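Raw my_file-v6.cif, mmCIF, C-alpha atoms and all ligand atoms:
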```
data_data
#
loop_
_atom_site.label_atom_id
_atom_site.label_comp_id
_atom_site.auth_asym_id
_atom_site.auth_seq_id
_atom_site.Cartn_x
_atom_site.Cartn_y
_atom_site.Cartn_z
CA MET A 17 -56.76 40.33 87.22
CA SER A 18 -53.83 39.45 89.35
CA ALA A 19 -56.47 38.20 91.80
CA PHE A 20 -56.65 35.17 89.53
CA ALA A 21 -53.02 35.02 88.53
CA HIS A 22 -51.80 32.87 91.39
CA ASN A 23 -54.61 30.35 90.87
CA PHE A 24 -53.76 29.20 87.36
CA ALA A 25 -51.93 26.04 88.47
CA ASP A 26 -54.71 24.86 90.83
CA PRO A 27 -57.26 22.83 88.80
CA GLU A 28 -60.12 23.34 91.28
CA LYS A 29 -59.67 27.10 91.31
CA VAL A 30 -59.22 27.19 87.56
CA ALA A 31 -62.58 25.43 87.13
CA ARG A 32 -64.29 27.96 89.40
CA TYR A 33 -62.83 30.77 87.34
CA ALA A 34 -65.53 30.49 84.69
CA THR A 35 -68.24 31.58 87.12
CA MET A 36 -66.47 33.27 90.01
CA GLY A 37 -63.58 34.72 87.99
CA PRO A 38 -63.96 37.69 85.62
CA PRO A 39 -67.80 37.70 85.52
CA ALA A 40 -67.91 38.12 89.30
CA PHE A 41 -65.30 40.90 89.40
CA MET A 42 -65.98 43.05 86.34
CA PRO A 43 -69.36 44.82 86.16
CA GLY A 44 -71.24 43.86 83.00
CA HIS A 45 -68.64 41.30 81.89
CA GLY A 46 -71.05 39.51 79.52
CA GLY A 47 -72.24 42.81 78.05
CA VAL A 48 -68.66 43.97 77.46
CA LEU A 49 -67.85 40.81 75.48
CA GLN A 50 -71.09 41.26 73.54
CA MET A 51 -70.16 44.89 72.72
CA ALA A 52 -66.68 43.74 71.66
CA GLY A 53 -68.30 41.32 69.21
CA VAL A 54 -70.52 44.09 67.80
CA LEU A 55 -67.58 46.49 67.36
CA LEU A 56 -65.35 43.87 65.75
CA ALA A 57 -68.14 42.70 63.43
CA GLU A 58 -68.21 46.17 61.85
CA THR A 59 -65.09 45.33 59.85
CA MET A 60 -64.39 41.60 60.31
CA PRO A 61 -64.88 39.58 57.11
CA ASP A 62 -67.35 36.70 57.56
CA ASP A 63 -64.47 34.20 57.63
CA GLY A 64 -61.92 36.62 59.15
CA GLN A 65 -59.17 35.61 61.58
CA MET A 66 -58.76 37.16 65.03
CA LEU A 67 -55.80 37.20 67.41
CA VAL A 68 -56.84 36.73 71.06
CA VAL A 69 -53.98 37.62 73.40
CA GLY A 70 -54.38 36.20 76.90
CA ALA A 71 -56.92 33.67 75.60
CA GLY A 72 -56.74 31.52 78.74
CA GLY A 73 -60.08 30.70 80.31
CA GLY A 74 -61.79 31.01 76.94
CA LEU A 75 -64.59 33.35 78.02
CA ASP A 76 -63.63 36.03 75.48
CA THR A 77 -63.20 33.56 72.60
CA ARG A 78 -66.50 31.83 73.44
CA ALA A 79 -68.41 35.13 73.26
CA LEU A 80 -66.64 36.34 70.11
CA ALA A 81 -67.18 33.00 68.38
CA ALA A 82 -70.91 33.47 68.96
CA ALA A 83 -70.70 36.96 67.39
CA GLY A 84 -69.02 35.59 64.25
CA PRO A 85 -70.08 32.01 63.55
CA LYS A 86 -67.40 31.61 60.86
CA TRP A 87 -64.63 33.67 62.43
CA ARG A 88 -61.37 31.82 63.07
CA PHE A 89 -59.20 32.45 66.14
CA VAL A 90 -55.57 32.21 67.17
CA GLY A 91 -55.22 32.47 70.96
CA VAL A 92 -51.99 32.89 72.92
CA ASP A 93 -51.54 32.54 76.67
CA PRO A 94 -48.48 31.59 78.75
CA ALA A 95 -50.47 29.50 81.31
CA PRO A 96 -51.07 25.88 80.18
CA ALA A 97 -53.85 25.33 82.76
CA MET A 98 -55.69 28.37 81.43
CA LEU A 99 -55.34 27.09 77.87
CA ASP A 100 -56.84 23.75 78.96
CA LEU A 101 -59.71 25.60 80.59
CA ALA A 102 -60.23 27.60 77.38
CA ARG A 103 -60.49 24.39 75.33
CA ALA A 104 -63.11 23.05 77.74
CA ILE A 105 -65.09 26.28 77.94
CA VAL A 106 -65.34 27.06 74.23
CA GLY A 107 -66.54 23.53 73.34
CA PRO A 108 -65.99 21.37 70.24
CA GLU A 109 -67.55 23.63 67.60
CA VAL A 110 -65.33 26.60 68.51
CA ASN A 111 -62.24 24.42 69.07
CA ALA A 112 -62.48 23.45 65.40
CA ARG A 113 -61.82 27.10 64.43
CA LEU A 114 -59.42 27.94 67.27
CA GLU A 115 -55.65 27.46 67.42
CA LEU A 116 -54.21 27.88 70.93
CA ILE A 117 -50.51 28.60 71.43
CA GLU A 118 -48.66 28.57 74.76
CA GLY A 119 -46.92 31.93 74.80
CA VAL A 120 -47.32 35.68 74.66
CA ALA A 121 -48.18 38.09 71.85
CA ALA A 122 -44.61 37.88 70.50
CA ASP A 123 -45.10 34.12 70.01
CA ALA A 124 -48.20 34.56 67.83
CA PRO A 125 -47.90 33.97 64.08
CA PRO A 126 -47.32 37.14 62.03
CA GLY A 127 -50.82 37.20 60.57
CA PRO A 128 -51.81 39.71 59.42
CA PHE A 129 -55.04 39.36 61.40
CA ASP A 130 -58.39 41.04 60.76
CA ALA A 131 -58.82 41.96 64.45
CA ALA A 132 -57.29 41.41 67.90
CA THR A 133 -58.28 41.50 71.56
CA LEU A 134 -56.42 41.97 74.84
CA ILE A 135 -59.02 41.51 77.56
CA LEU A 136 -58.13 41.50 81.28
CA VAL A 137 -54.40 41.11 80.70
CA LEU A 138 -52.63 44.47 80.33
CA GLY A 139 -53.53 45.59 83.87
CA MET A 140 -51.24 42.98 85.36
CA ILE A 141 -48.25 43.76 83.12
CA PRO A 142 -45.70 46.22 84.51
CA ASP A 143 -45.42 49.61 82.81
CA ASP A 144 -41.67 49.28 82.34
CA GLY A 145 -41.78 48.87 78.58
CA SER A 146 -43.60 45.52 78.84
CA LYS A 147 -47.07 47.03 78.30
CA LEU A 148 -45.84 48.91 75.23
CA SER A 149 -44.12 45.79 73.84
CA ILE A 150 -47.34 43.76 74.03
CA LEU A 151 -49.32 46.48 72.26
CA GLU A 152 -46.61 46.79 69.58
CA ASP A 153 -46.50 43.01 69.14
CA ILE A 154 -50.27 43.06 68.53
CA HIS A 155 -50.19 46.12 66.27
CA ARG A 156 -47.60 44.64 63.92
CA ARG A 157 -49.77 41.52 63.48
CA LEU A 158 -52.87 43.45 62.37
CA LYS A 159 -53.91 44.50 58.87
CA PRO A 160 -53.88 48.29 58.45
CA GLY A 161 -57.11 49.70 59.90
CA ALA A 162 -58.04 46.46 61.70
CA PRO A 163 -59.85 46.90 65.03
CA PHE A 164 -58.37 46.08 68.42
CA ILE A 165 -60.29 45.69 71.69
CA LEU A 166 -58.55 46.47 75.00
CA VAL A 167 -60.39 45.91 78.30
CA ASP A 168 -58.89 46.26 81.76
CA ARG A 169 -59.11 47.60 85.27
CA CYS A 170 -57.33 50.93 85.72
CA GLY A 171 -56.10 52.82 88.75
CA ASP A 172 -53.72 55.45 89.99
CA ARG A 173 -51.58 53.81 92.66
CA THR A 174 -50.42 57.22 93.92
CA GLY A 175 -53.85 58.91 93.83
CA PRO A 176 -56.20 59.60 96.76
CA ALA A 177 -58.92 57.27 95.40
CA PHE A 178 -56.71 54.19 95.13
CA GLU A 179 -57.75 52.52 98.44
CA ARG A 180 -61.41 53.40 97.89
CA ASP A 181 -61.31 51.86 94.41
CA VAL A 182 -59.82 48.65 95.78
CA ASP A 183 -62.64 48.61 98.38
CA ARG A 184 -65.19 48.98 95.59
CA TYR A 185 -63.53 46.24 93.54
CA ILE A 186 -63.83 43.89 96.52
CA ALA A 187 -67.38 45.01 97.41
CA TYR A 188 -68.52 44.27 93.86
CA ALA A 189 -67.03 40.76 93.94
CA LEU A 190 -68.55 40.16 97.40
CA ALA A 191 -71.96 41.14 96.02
CA SER A 192 -71.37 38.62 93.20
CA GLY A 193 -70.91 35.84 95.76
CA VAL A 194 -67.13 35.49 95.78
CA ASP A 195 -65.93 33.77 98.97
CA GLU A 196 -63.99 35.54 101.73
CA ALA A 197 -60.69 33.71 101.17
CA THR A 198 -60.65 34.61 97.46
CA LEU A 199 -61.56 38.20 98.28
CA GLU A 200 -58.66 38.44 100.71
CA GLY A 201 -56.25 37.24 98.01
CA ALA A 202 -57.86 39.56 95.47
CA ARG A 203 -57.46 42.56 97.76
CA ALA A 204 -53.81 41.76 98.47
CA SER A 205 -52.95 41.24 94.82
CA GLN A 206 -54.72 44.40 93.67
CA LYS A 207 -52.92 46.42 96.34
CA ALA A 208 -49.60 44.95 95.23
CA ASN A 209 -50.36 45.11 91.51
CA GLN A 210 -47.70 47.33 89.96
CA GLY A 211 -49.39 46.99 86.57
CA LEU A 212 -52.34 49.22 87.42
CA VAL A 213 -52.22 52.53 85.53
CA PRO A 214 -54.71 55.35 84.98
CA PRO A 215 -56.86 55.08 81.82
CA GLU A 216 -55.02 58.00 80.21
CA ARG A 217 -51.80 55.99 80.39
CA ASN A 218 -53.34 53.10 78.43
CA GLU A 219 -54.56 55.59 75.84
CA ALA A 220 -51.06 57.07 75.51
CA LEU A 221 -49.58 53.58 75.16
CA LEU A 222 -52.12 52.69 72.44
CA SER A 223 -51.06 55.76 70.46
CA GLU A 224 -47.38 55.06 71.03
CA ALA A 225 -47.85 51.51 69.76
CA GLY A 226 -49.32 52.89 66.52
CA PHE A 227 -53.08 52.63 67.12
CA SER A 228 -55.42 55.44 66.13
CA GLY A 229 -59.14 56.22 66.47
CA VAL A 230 -58.94 55.25 70.15
CA GLU A 231 -62.47 55.30 71.60
CA VAL A 232 -63.85 54.34 75.02
CA PHE A 233 -66.83 52.00 74.64
CA TYR A 234 -67.22 50.87 78.26
CA VAL A 235 -66.75 52.30 81.75
CA GLY A 236 -67.68 50.22 84.81
CA MET A 237 -66.33 51.59 88.08
CA ALA A 238 -62.53 51.48 87.52
CA TRP A 239 -62.81 49.20 84.48
CA ARG A 240 -62.50 50.50 80.92
CA GLY A 241 -62.92 49.16 77.42
CA TRP A 242 -61.45 50.73 74.29
CA VAL A 243 -61.65 50.08 70.59
CA ALA A 244 -58.70 51.29 68.52
CA TYR A 245 -57.51 50.73 64.95
CA ALA A 246 -54.17 49.58 63.55
C1 LIG B 1 -57.89 37.27 83.86
S1 LIG B 1 -57.35 36.19 82.61
C2 LIG B 1 -58.31 36.78 81.24
C3 LIG B 1 -58.48 35.75 80.18
C4 LIG B 1 -59.37 36.14 79.00
N1 LIG B 1 -58.74 37.18 78.21
C5 LIG B 1 -60.73 36.57 79.41
O1 LIG B 1 -61.05 37.75 79.22
O2 LIG B 1 -61.52 35.74 79.87
C6 LIG B 1 -55.74 36.78 82.24
C7 LIG B 1 -54.97 35.86 81.31
O3 LIG B 1 -53.82 36.56 80.85
C8 LIG B 1 -52.76 35.62 80.74
N2 LIG B 1 -51.50 36.35 80.68
C9 LIG B 1 -50.68 36.75 81.68
N3 LIG B 1 -49.61 37.40 81.20
C10 LIG B 1 -49.75 37.41 79.85
C11 LIG B 1 -48.98 37.93 78.77
N4 LIG B 1 -47.84 38.58 78.98
N5 LIG B 1 -49.42 37.75 77.52
C12 LIG B 1 -50.58 37.09 77.27
N6 LIG B 1 -51.37 36.59 78.25
C13 LIG B 1 -50.96 36.75 79.51
C14 LIG B 1 -52.95 34.74 81.95
O4 LIG B 1 -52.25 33.52 81.83
C15 LIG B 1 -54.46 34.59 81.99
O5 LIG B 1 -54.91 33.47 81.29
#
```

Re-express the file's structure as structure tokens.
Amino acid sequence: MSAFAHNFADPEKVARYATMGPPAFMPGHGGVLQMAGVLLAETMPDDGQMLVVGAGGGLDTRALAAAGPKWRFVGVDPAPAMLDLARAIVGPEVNARLELIEGVAADAPPGPFDAATLILVLGMIPDDGSKLSILEDIHRRLKPGAPFILVDRCGDRTGPAFERDVDRYIAYALASGVDEATLEGARASQKANQGLVPPERNEALLSEAGFSGVEVFYVGMAWRGWVAYA
């Protein structure tokens, strides 16, 4: 994710994000968003309200809005360029049921919400209490029992497979057609990314933040998706 982080202020690169961003880096990106919609629909009321944390780019909101044609969304993201891109990507129909706020989870309204997502964000947040704070900020905004979707790339920076996994991350994006210059930046930022943690660490953080029923619904190379309940 940090592969994209330094591009948010560059309008040309932001525009390319929709095709050569997450869908080119994460195996089965479209399928993951579709699964998220299916899992959330199990409990979302027809006109329920969802909190989308890290809503920049709009790809997650666009897919979830298709899963629930009457669902309403509040999205937060600290990057104004990414919020602009989200408005453009979701289109007028979804914009009418989407409120976007410049900020982080702590800046979101109290809710309580019927569901929440944190997709391709947590992996670039340092594990110095910041990851836990985000998860707690989301948990306290959910109705009891409401579902939460977490999707991210994982990794053990100190483990023997770390370099190999970065190679695979880059090889996958290369096979998707990502250009050499972007790949170089992606490799450097993944190597430097202090936010990468093993999947077990995310599961421990989910429990610590108050979530239960934590279940893996997606594994794609080093990427993972979980559903958990407030
Ligand atoms: C790779 S994009 C993913 C966007 C979207 N969730 C998706 O799946 O298409 C990561 C987003 O997280 C946002 N972000 C970074 N730090 C954040 C934080 N602390 N809280 C919320 N969003 C954050 C970035 O601005 C960026 O828009």

Quick one: which chain A residues come within 7 Å of ligand LIG 1 (chain B), and what is the nearest atom pair for each with the distance in Å to one decimal, counting all atoms listed in the file, rows ordered by chain and ascending number, as CSV?
```
residue,atom,partner,partner_atom,distance
A:Met17,CA,B:LIG1,C1,4.7
A:Phe20,CA,B:LIG1,C1,6.2
A:Ala21,CA,B:LIG1,C14,6.6
A:Pro38,CA,B:LIG1,C1,6.3
A:Val69,CA,B:LIG1,C12,5.2
A:Gly70,CA,B:LIG1,N6,3.3
A:Ala71,CA,B:LIG1,N1,4.7
A:Gly72,CA,B:LIG1,O5,3.7
A:Gly73,CA,B:LIG1,O2,5.3
A:Gly74,CA,B:LIG1,O2,5.6
A:Leu75,CA,B:LIG1,O2,4.3
A:Asp76,CA,B:LIG1,O1,4.9
A:Val92,CA,B:LIG1,C12,6.2
A:Asp93,CA,B:LIG1,N6,4.4
A:Pro94,CA,B:LIG1,O4,5.2
A:Ala95,CA,B:LIG1,O4,4.4
A:Met98,CA,B:LIG1,O5,5.2
A:Gly119,CA,B:LIG1,C12,6.8
A:Val120,CA,B:LIG1,N5,4.1
A:Ala121,CA,B:LIG1,N5,5.8
A:Leu134,CA,B:LIG1,N1,6.3
A:Ile135,CA,B:LIG1,N1,4.4
A:Leu136,CA,B:LIG1,C2,4.7
A:Val137,CA,B:LIG1,O3,4.6
A:Ile141,CA,B:LIG1,N4,6.6
```

Now that the selection is made, can you save its residues with C-alpha atoms as a short mmCIF file (atom, residue, chain, number, x, y, z; two decimals), in the frame of the given file?
```cif
data_model
loop_
_atom_site.label_atom_id
_atom_site.label_comp_id
_atom_site.auth_asym_id
_atom_site.auth_seq_id
_atom_site.Cartn_x
_atom_site.Cartn_y
_atom_site.Cartn_z
CA MET A 17 -56.76 40.33 87.22
CA PHE A 20 -56.65 35.17 89.53
CA ALA A 21 -53.02 35.02 88.53
CA PRO A 38 -63.96 37.69 85.62
CA VAL A 69 -53.98 37.62 73.40
CA GLY A 70 -54.38 36.20 76.90
CA ALA A 71 -56.92 33.67 75.60
CA GLY A 72 -56.74 31.52 78.74
CA GLY A 73 -60.08 30.70 80.31
CA GLY A 74 -61.79 31.01 76.94
CA LEU A 75 -64.59 33.35 78.02
CA ASP A 76 -63.63 36.03 75.48
CA VAL A 92 -51.99 32.89 72.92
CA ASP A 93 -51.54 32.54 76.67
CA PRO A 94 -48.48 31.59 78.75
CA ALA A 95 -50.47 29.50 81.31
CA MET A 98 -55.69 28.37 81.43
CA GLY A 119 -46.92 31.93 74.80
CA VAL A 120 -47.32 35.68 74.66
CA ALA A 121 -48.18 38.09 71.85
CA LEU A 134 -56.42 41.97 74.84
CA ILE A 135 -59.02 41.51 77.56
CA LEU A 136 -58.13 41.50 81.28
CA VAL A 137 -54.40 41.11 80.70
CA ILE A 141 -48.25 43.76 83.12
#
```

Query - Pick from A:Arg180, A:Lys147, A:His155, A:Arg217, whichever lies nearest to Ala132 (chain A) using all atoms listed in the file - result: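 Closest to Ala132 (chain A), using all atoms listed in the file: A:His155.
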
Query raised in the report: What's the 6 Å shell around region 54-67 of chain A, counting all atoms listed in the file, without same-chain residues fewer than 3 positions away, as a list in words?
Result: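 Once the nearby chain positions are removed, what remains is Met51, Lys86, Trp87, Arg88, Phe89, Val90, Gly91, Phe129, Asp130, Ala131 and Ala132 of chain A.
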
Distance query region 40-47 of chain A at most 8 Å, all atoms listed in the file, self and fewer than 5 positions along chain excluded, as a JSON list (two decimals) with C-alpha atoms, in the frame of the given file:
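What landed in selection-v4.json:
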```json
[["chain", "number", "residue", "atom", "x", "y", "z"],
["A", 35, "THR", "CA", -68.24, 31.58, 87.12],
["A", 185, "TYR", "CA", -63.53, 46.24, 93.54],
["A", 186, "ILE", "CA", -63.83, 43.89, 96.52],
["A", 188, "TYR", "CA", -68.52, 44.27, 93.86],
["A", 189, "ALA", "CA", -67.03, 40.76, 93.94],
["A", 192, "SER", "CA", -71.37, 38.62, 93.20],
["A", 193, "GLY", "CA", -70.91, 35.84, 95.76],
["A", 194, "VAL", "CA", -67.13, 35.49, 95.78],
["A", 236, "GLY", "CA", -67.68, 50.22, 84.81],
["A", 237, "MET", "CA", -66.33, 51.59, 88.08],
["A", 239, "TRP", "CA", -62.81, 49.20, 84.48]]
```

**Report entry** From A:Tyr245, A:Ala83, A:Glu200, A:Met36, residue lying nearest Lys159 (chain A) [only C-alpha atoms]
**Finding:**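 Of all the options, A:Tyr245 lies closest to Lys159 (chain A).
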
Report task. Using only C-alpha atoms, find the one residue out of A:Ala97, A:Tyr234, A:Gly53, A:Pro215 that sits nearest to Tyr33 (chain A). Result ->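 Residue with the minimum atom-to-atom distance to Tyr33 (chain A): A:Ala97.
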
Query raised in the report: Pick the closest to Gly229 (chain A) from A:Leu190, A:Ala122, A:Ala204, A:Ile165: which is it, counting all atoms listed in the file?
Result: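 When distances to Gly229 (chain A) are compared using all atoms listed in the file, the smallest one comes from A:Ile165.
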
Report task. Choose the residue, out of A:Glu179, A:Asp168, A:Glu231, A:Asp153, that has the smallest atom-to-atom separation from Leu212 (chain A); count only C-alpha atoms. Result -> A:Asp168

Report task. Could you check how far CA of Ala246 (chain A) sits from CA of Gly145 (chain A), in Å to one decimal? Result ->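 Straight-line distance from CA of Ala246 (chain A) to CA of Gly145 (chain A) works out to 19.5 Å.
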
Query raised in the report: With all atoms listed in the file as the atoms that count, which of A:Ala191, A:Ala82, A:Ala177, A:Ala52 lies nearest to Ala244 (chain A)?
Result: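 Checking each candidate against Ala244 (chain A), we get A:Ala52 as the closest.
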
Query raised in the report: How far is it from CA of Ala238 (chain A) to CA of Ser223 (chain A), in Å with one decimal?
Result: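 Calculated distance between CA of Ala238 (chain A) and CA of Ser223 (chain A) is 21.0 Å.
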
Query raised in the report: When you draw a straight line from CA of Thr174 (chain A) to CA of Gly211 (chain A), how long is it in Å?
Result: 12.6 Å

As lines of an AutoDock Vina configuration file, please: the centre and edge lengths in Å, to one decimal, of an axis-aligned box enclosing every listed atom of region 211-218 of chain A with 5 Å added on each side.
```
center_x = -53.1
center_y = 52.5
center_z = 82.9
size_x = 17.5
size_y = 21.0
size_z = 19.0
```

Requested in this report: Write out as an NGL selection string which residues come within 9 Å of Glu224 (chain A) when counting all atoms listed in the file, dropping same-chain ones fewer than 3 positions away.
Outcome: :A and (148 or 151-152 or 219-221 or 227)

Missing atoms in region 119-129 of chain A should be modelled up to all heavy atoms and reported as a compact mmCIF listing (two decimals), in the coordinates of the input.
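And here's selection-v3.txt as it stands now:
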```
# COMPACT_ATOMS: atom_id res chain seq x y z
N GLY A 119 -47.88 30.85 75.00
CA GLY A 119 -46.92 31.93 74.80
C GLY A 119 -47.58 33.29 74.95
O GLY A 119 -48.72 33.39 75.39
N VAL A 120 -46.84 34.30 74.56
CA VAL A 120 -47.32 35.68 74.66
C VAL A 120 -47.52 36.23 73.24
O VAL A 120 -47.35 35.50 72.26
CB VAL A 120 -46.33 36.54 75.49
CG1 VAL A 120 -46.26 36.03 76.92
CG2 VAL A 120 -44.94 36.53 74.85
N ALA A 121 -47.86 37.52 73.16
CA ALA A 121 -48.18 38.09 71.85
C ALA A 121 -47.02 37.90 70.86
O ALA A 121 -47.23 37.64 69.68
CB ALA A 121 -48.52 39.57 72.00
N ALA A 122 -45.79 38.00 71.38
CA ALA A 122 -44.61 37.88 70.50
C ALA A 122 -44.48 36.47 69.92
O ALA A 122 -43.76 36.28 68.93
CB ALA A 122 -43.35 38.24 71.28
N ASP A 123 -45.16 35.49 70.51
CA ASP A 123 -45.10 34.12 70.01
C ASP A 123 -46.20 33.82 68.99
O ASP A 123 -46.26 32.72 68.44
CB ASP A 123 -45.23 33.12 71.17
CG ASP A 123 -44.12 33.31 72.20
OD1 ASP A 123 -42.95 33.34 71.77
OD2 ASP A 123 -44.42 33.45 73.40
N ALA A 124 -47.10 34.78 68.78
CA ALA A 124 -48.20 34.56 67.83
C ALA A 124 -47.64 34.59 66.41
O ALA A 124 -46.64 35.26 66.13
CB ALA A 124 -49.25 35.65 68.00
N PRO A 125 -48.31 33.89 65.48
CA PRO A 125 -47.90 33.97 64.08
C PRO A 125 -48.04 35.41 63.58
O PRO A 125 -48.78 36.21 64.17
CB PRO A 125 -48.87 33.02 63.36
CG PRO A 125 -49.90 32.63 64.34
CD PRO A 125 -49.45 33.00 65.71
N PRO A 126 -47.33 35.73 62.48
CA PRO A 126 -47.32 37.14 62.03
C PRO A 126 -48.65 37.64 61.49
O PRO A 126 -48.85 38.83 61.36
CB PRO A 126 -46.25 37.14 60.93
CG PRO A 126 -46.07 35.72 60.52
CD PRO A 126 -46.44 34.88 61.69
N GLY A 127 -49.56 36.74 61.16
CA GLY A 127 -50.82 37.20 60.57
C GLY A 127 -50.63 37.55 59.11
O GLY A 127 -49.94 36.83 58.41
N PRO A 128 -51.11 38.72 58.63
CA PRO A 128 -51.81 39.71 59.42
C PRO A 128 -53.26 39.31 59.72
O PRO A 128 -53.91 38.69 58.89
CB PRO A 128 -51.76 40.97 58.53
CG PRO A 128 -51.67 40.44 57.13
CD PRO A 128 -50.92 39.14 57.21
N PHE A 129 -53.71 39.70 60.92
CA PHE A 129 -55.04 39.36 61.40
C PHE A 129 -56.04 40.47 61.06
O PHE A 129 -55.66 41.63 60.85
CB PHE A 129 -55.01 39.15 62.91
CG PHE A 129 -54.23 37.93 63.32
CD1 PHE A 129 -52.86 37.98 63.53
CD2 PHE A 129 -54.87 36.70 63.48
CE1 PHE A 129 -52.14 36.85 63.90
CE2 PHE A 129 -54.16 35.56 63.85
CZ PHE A 129 -52.79 35.64 64.06
```
